[in-house]
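Q: Input file: upload.cif. Contents: mmCIF, C-alpha atoms and all ligand atoms.
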data_structure
loop_
_atom_site.label_atom_id
_atom_site.label_comp_id
_atom_site.auth_asym_id
_atom_site.auth_seq_id
_atom_site.Cartn_x
_atom_site.Cartn_y
_atom_site.Cartn_z
CA MET A 1 0.00 0.00 0.00
CA THR A 2 1.47 3.37 -0.93
CA ASP A 3 -0.17 6.75 -0.40
CA ASN A 4 2.42 8.69 -2.39
CA ALA A 5 5.29 7.99 -4.75
CA VAL A 6 8.26 8.79 -2.48
CA PRO A 7 7.42 7.83 1.09
CA LEU A 8 9.31 9.51 3.94
CA VAL A 9 7.62 7.50 6.67
CA GLY A 10 7.04 3.78 6.71
CA VAL A 11 4.11 2.67 8.82
CA ILE A 12 4.41 -1.05 9.43
CA MET A 13 2.46 -3.40 11.66
CA GLY A 14 2.58 -7.04 12.62
CA SER A 15 -0.90 -7.87 11.37
CA ASP A 16 -3.75 -6.28 9.48
CA SER A 17 -5.63 -6.61 12.78
CA ASP A 18 -3.38 -3.81 14.10
CA PHE A 19 -4.64 -1.32 11.55
CA SER A 20 -7.57 -0.05 13.58
CA VAL A 21 -4.97 1.30 16.04
CA MET A 22 -2.30 2.27 13.51
CA ALA A 23 -4.81 4.21 11.42
CA ASP A 24 -4.37 7.13 13.83
CA ALA A 25 -0.72 7.47 12.78
CA VAL A 26 -1.68 7.31 9.12
CA GLN A 27 -4.30 9.99 9.64
CA VAL A 28 -1.75 12.37 11.18
CA LEU A 29 0.63 11.82 8.26
CA ARG A 30 -2.21 12.51 5.83
CA ASP A 31 -3.20 15.66 7.74
CA PHE A 32 0.39 16.94 7.55
CA ASN A 33 0.79 15.94 3.89
CA ILE A 34 3.72 13.71 4.75
CA THR A 35 4.37 11.03 2.17
CA HIS A 36 4.13 7.58 3.67
CA GLU A 37 3.55 3.94 3.00
CA VAL A 38 1.61 1.33 4.97
CA GLU A 39 2.62 -2.31 5.08
CA VAL A 40 1.98 -5.43 7.13
CA VAL A 41 5.37 -6.83 8.15
CA SER A 42 5.33 -9.59 10.74
CA ALA A 43 8.41 -10.41 12.80
CA HIS A 44 7.16 -13.94 13.28
CA ARG A 45 5.08 -14.78 10.20
CA THR A 46 7.16 -12.94 7.58
CA PRO A 47 10.65 -12.76 9.09
CA ASP A 48 12.45 -12.55 5.73
CA LYS A 49 10.25 -9.64 4.67
CA MET A 50 10.99 -7.90 7.97
CA VAL A 51 14.74 -8.21 7.36
CA SER A 52 14.59 -6.88 3.82
CA TYR A 53 12.20 -4.07 4.79
CA ALA A 54 14.49 -2.89 7.58
CA ARG A 55 17.71 -3.24 5.60
CA GLU A 56 16.34 -1.48 2.50
CA ALA A 57 14.34 1.27 4.24
CA ALA A 58 17.02 4.00 4.32
CA GLY A 59 18.13 3.27 0.77
CA ARG A 60 14.55 3.68 -0.47
CA GLY A 61 14.43 7.16 1.06
CA LEU A 62 12.47 6.49 4.21
CA LYS A 63 13.44 8.80 7.09
CA VAL A 64 11.35 7.39 9.94
CA ILE A 65 9.69 4.04 10.61
CA ILE A 66 6.60 3.70 12.77
CA ALA A 67 6.20 0.07 13.82
CA GLY A 68 3.18 -1.22 15.67
CA ALA A 69 2.67 -4.69 17.10
CA GLY A 70 0.75 -6.46 19.82
CA GLY A 71 1.42 -9.26 22.29
CA ALA A 72 4.95 -10.61 21.85
CA ALA A 73 5.68 -7.41 19.98
CA HIS A 74 9.14 -7.95 18.54
CA LEU A 75 8.72 -6.02 15.28
CA PRO A 76 9.87 -2.52 16.34
CA GLY A 77 12.98 -3.74 18.13
CA MET A 78 14.00 -6.17 15.41
CA VAL A 79 13.57 -3.49 12.74
CA ALA A 80 15.58 -1.03 14.86
CA SER A 81 18.39 -3.60 15.03
CA MET A 82 18.70 -3.60 11.24
CA THR A 83 18.50 0.11 10.40
CA THR A 84 19.85 3.35 11.83
CA LEU A 85 16.64 5.20 10.95
CA PRO A 86 14.61 6.36 13.94
CA VAL A 87 12.02 3.72 14.83
CA ILE A 88 8.89 4.67 16.74
CA GLY A 89 7.20 1.73 18.45
CA VAL A 90 3.46 1.55 19.00
CA PRO A 91 2.26 -1.03 21.54
CA VAL A 92 -1.00 -2.36 20.13
CA PRO A 93 -3.43 -3.53 22.83
CA LEU A 94 -4.88 -6.99 22.32
CA ALA A 95 -7.84 -8.59 24.09
CA LYS A 96 -5.67 -9.93 26.91
CA LEU A 97 -3.40 -8.00 29.31
CA ASP A 98 -4.68 -4.64 28.03
CA GLY A 99 -1.55 -4.06 25.95
CA LEU A 100 0.86 -4.23 28.87
CA ASP A 101 2.58 -7.18 27.20
CA SER A 102 2.94 -5.16 23.98
CA LEU A 103 4.30 -2.15 25.87
CA LEU A 104 6.91 -4.12 27.78
CA SER A 105 7.96 -6.07 24.68
CA ILE A 106 8.65 -2.83 22.83
CA VAL A 107 9.96 -0.49 25.51
CA GLN A 108 12.51 -2.73 27.22
CA MET A 109 15.18 -2.53 24.54
CA PRO A 110 18.79 -3.39 25.31
CA GLY A 111 21.29 -0.51 25.33
CA GLY A 112 22.45 0.44 21.85
CA ILE A 113 19.23 -0.27 19.95
CA PRO A 114 16.73 2.53 20.64
CA VAL A 115 13.01 2.40 19.94
CA ALA A 116 11.02 5.54 20.74
CA THR A 117 8.02 3.92 22.36
CA VAL A 118 4.70 5.75 22.60
CA SER A 119 1.85 4.85 24.91
CA ILE A 120 -0.35 1.78 24.52
CA GLY A 121 -2.46 2.46 21.45
CA GLY A 122 -0.70 5.81 21.03
CA ALA A 123 -0.42 5.74 17.24
CA LYS A 124 -1.53 9.37 16.96
CA ASN A 125 1.50 10.50 18.92
CA ALA A 126 3.67 8.21 16.82
CA GLY A 127 2.52 10.11 13.74
CA LEU A 128 3.16 13.42 15.46
CA LEU A 129 6.61 12.32 16.62
CA ALA A 130 7.48 11.32 13.07
CA ALA A 131 6.34 14.77 11.95
CA ARG A 132 8.53 16.39 14.61
CA ILE A 133 11.56 14.37 13.50
CA LEU A 134 11.01 15.45 9.89
CA GLY A 135 10.20 18.99 11.03
CA VAL A 136 13.75 19.48 12.27
CA GLN A 137 14.80 19.91 8.64
CA ASP A 138 11.49 20.74 6.94
CA ARG A 139 10.17 24.23 7.60
CA ASP A 140 6.74 23.49 6.17
CA ILE A 141 6.21 20.58 8.55
CA ALA A 142 7.59 22.64 11.45
CA ALA A 143 5.11 25.42 10.63
CA GLN A 144 2.27 22.91 10.55
CA LEU A 145 3.33 21.61 13.95
CA ASP A 146 3.29 25.17 15.33
CA ALA A 147 -0.20 25.67 13.93
CA TYR A 148 -1.33 22.34 15.38
CA ALA A 149 -0.04 23.30 18.84
CA ALA A 150 -1.85 26.63 18.58
CA GLU A 151 -5.06 24.80 17.66
CA LEU A 152 -4.75 22.59 20.75
CA THR A 153 -4.32 25.65 22.94
CA ALA A 154 -7.26 27.43 21.33
CA ALA A 155 -9.48 24.37 21.75
CA VAL A 156 -8.77 24.24 25.49
CA GLU A 157 -9.52 27.94 25.85
CA GLU A 158 -12.80 27.55 23.94
CA LYS A 159 -13.85 24.77 26.31
CA ASN A 160 -12.82 26.91 29.25
CA THR A 161 -14.99 29.74 27.97
CA ALA A 162 -17.91 27.34 27.42
CA LEU A 163 -17.56 26.01 31.00
CA LYS A 164 -17.82 29.49 32.40
CA ALA A 165 -20.74 30.60 30.22
C1 LIG B 201 1.22 -9.55 16.50
O1 LIG B 201 0.26 -10.50 16.81
C2 LIG B 201 0.50 -8.54 15.67
O2 LIG B 201 1.13 -7.30 15.74
C3 LIG B 201 -0.87 -8.52 16.27
O3 LIG B 201 -1.02 -7.45 17.20
C4 LIG B 201 -0.95 -9.84 17.02
C5 LIG B 201 -2.11 -10.70 16.60
O4 LIG B 201 -2.10 -10.89 15.21
P1 LIG B 201 -3.34 -11.59 14.47
O5 LIG B 201 -3.45 -12.96 15.06
O6 LIG B 201 -4.55 -10.73 14.77
O7 LIG B 201 -3.00 -11.58 13.01
O8 LIG B 201 2.30 -10.09 15.80
#
Any chance you could give the structure as structure tokens?
Ligand code: RP5

A:
Amino acid sequence: MTDNAVPLVGVIMGSDSDFSVMADAVQVLRDFNITHEVEVVSAHRTPDKMVSYAREAAGRGLKVIIAGAGGAAHLPGMVASMTTLPVIGVPVPLAKLDGLDSLLSIVQMPGGIPVATVSIGGAKNAGLLAARILGVQDRDIAAQLDAYAAELTAAVEEKNTALKA
């Protein structure tokens, strides 16, 4: 699946069943007009694909990888071990353990192999973090992030005003 010709962000997930969570990251990337691709890459069911995806990602022009997985969630860490691109891990909550298993599987990386782990189900923040990483060198994205922050502030103030009315 490819949204645009030259993707800057790769959004990968262990199963199509993760997409209902990962869709929040995709939506942010769409909102910010950031080129991206979406792909199911399973650490356990498609290990060879995972290796080639991780090893080829930088060469294809990707700048950030967002990797979501649930349960024994090895995908983000394994991908991070095979690329020097920043990898953002999204713990996907499954029916059991409320996603704590996913969180611990992703966040407890050994020293040397970082994964920037967001909260359980926090794919929206994964998309925003990817935008912030790209925004360091892209003024248009940085400006959109400033506008987004201003919108958040304005929304809180509007609610404040409504509460007091
Ligand atoms: C993980 O196993 C996936 O990331 C998914 O969260 C979980 C269950 O996968 P399915 O059985 O729904 O395909 O690898």

Q: Within 8 Å of ligand LIG 201 (chain B) (counting all atoms listed in the file), which residues show up? I'd like them as JSON, numbers by chain.

A: {"A": [13, 14, 15, 16, 17, 18, 42, 43, 44, 45, 68, 69, 70, 71, 72, 73, 74, 75, 92, 93, 94]}

Q: Any idea what's packed within 12 Å of stretch 136-151 of chain A, counting all atoms listed in the file, ignoring anything in its chain fewer than 2 positions away? Could you give it as a PyMOL selection string?

A: chain A and resi 8+28-35+63+127-134+153-158

Q: Just the number, please: distance in Å from atom CA of A:Ile120 to atom CA of A:Ile88, one decimal.

A: 12.4 Å

Q: Please work out which residues fall within 10 Å of (19.1, -2.5, 14.8), coordinates as given in the file, with all atoms listed in the file counting, and return them as a list in words.

A: Ala54, Arg55, Pro76, Gly77, Met78, Val79, Ala80, Ser81, Met82, Thr83, Thr84, Leu85, Pro86, Val87, Gly112, Ile113, Pro114 and Val115 of chain A

Q: Save out the residues we just selected, C-alpha atoms, as a compact mmCIF listing (two decimals), in the coordinates of the input.

A:
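In the end it all went to part_24.txt:
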# COMPACT_ATOMS: atom_id res chain seq x y z
CA ALA A 54 14.49 -2.89 7.58
CA ARG A 55 17.71 -3.24 5.60
CA PRO A 76 9.87 -2.52 16.34
CA GLY A 77 12.98 -3.74 18.13
CA MET A 78 14.00 -6.17 15.41
CA VAL A 79 13.57 -3.49 12.74
CA ALA A 80 15.58 -1.03 14.86
CA SER A 81 18.39 -3.60 15.03
CA MET A 82 18.70 -3.60 11.24
CA THR A 83 18.50 0.11 10.40
CA THR A 84 19.85 3.35 11.83
CA LEU A 85 16.64 5.20 10.95
CA PRO A 86 14.61 6.36 13.94
CA VAL A 87 12.02 3.72 14.83
CA GLY A 112 22.45 0.44 21.85
CA ILE A 113 19.23 -0.27 19.95
CA PRO A 114 16.73 2.53 20.64
CA VAL A 115 13.01 2.40 19.94

Q: So how many Å separate atom CA of A:Val11 and atom CA of A:Ile65, to one decimal?

A: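 Rounded to one decimal, the two atoms are 6.0 Å apart.
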
Q: Would you mind reading off the distance between atom CA of A:Ala126 and atom CA of A:Asp24, one decimal, in Å?

A: 8.6 Å

Q: Which residue, A:Ala116, A:Ala123, A:Ala95, A:Ala57, has the smallest gap to A:Val6 when you use all atoms listed in the file?

A: A:Ala57

Q: Could you tell me which of A:Gly111, A:Val26, A:Leu97, A:Val64 comes closest to A:Gly135 if we count all atoms listed in the file?

A: A:Val64
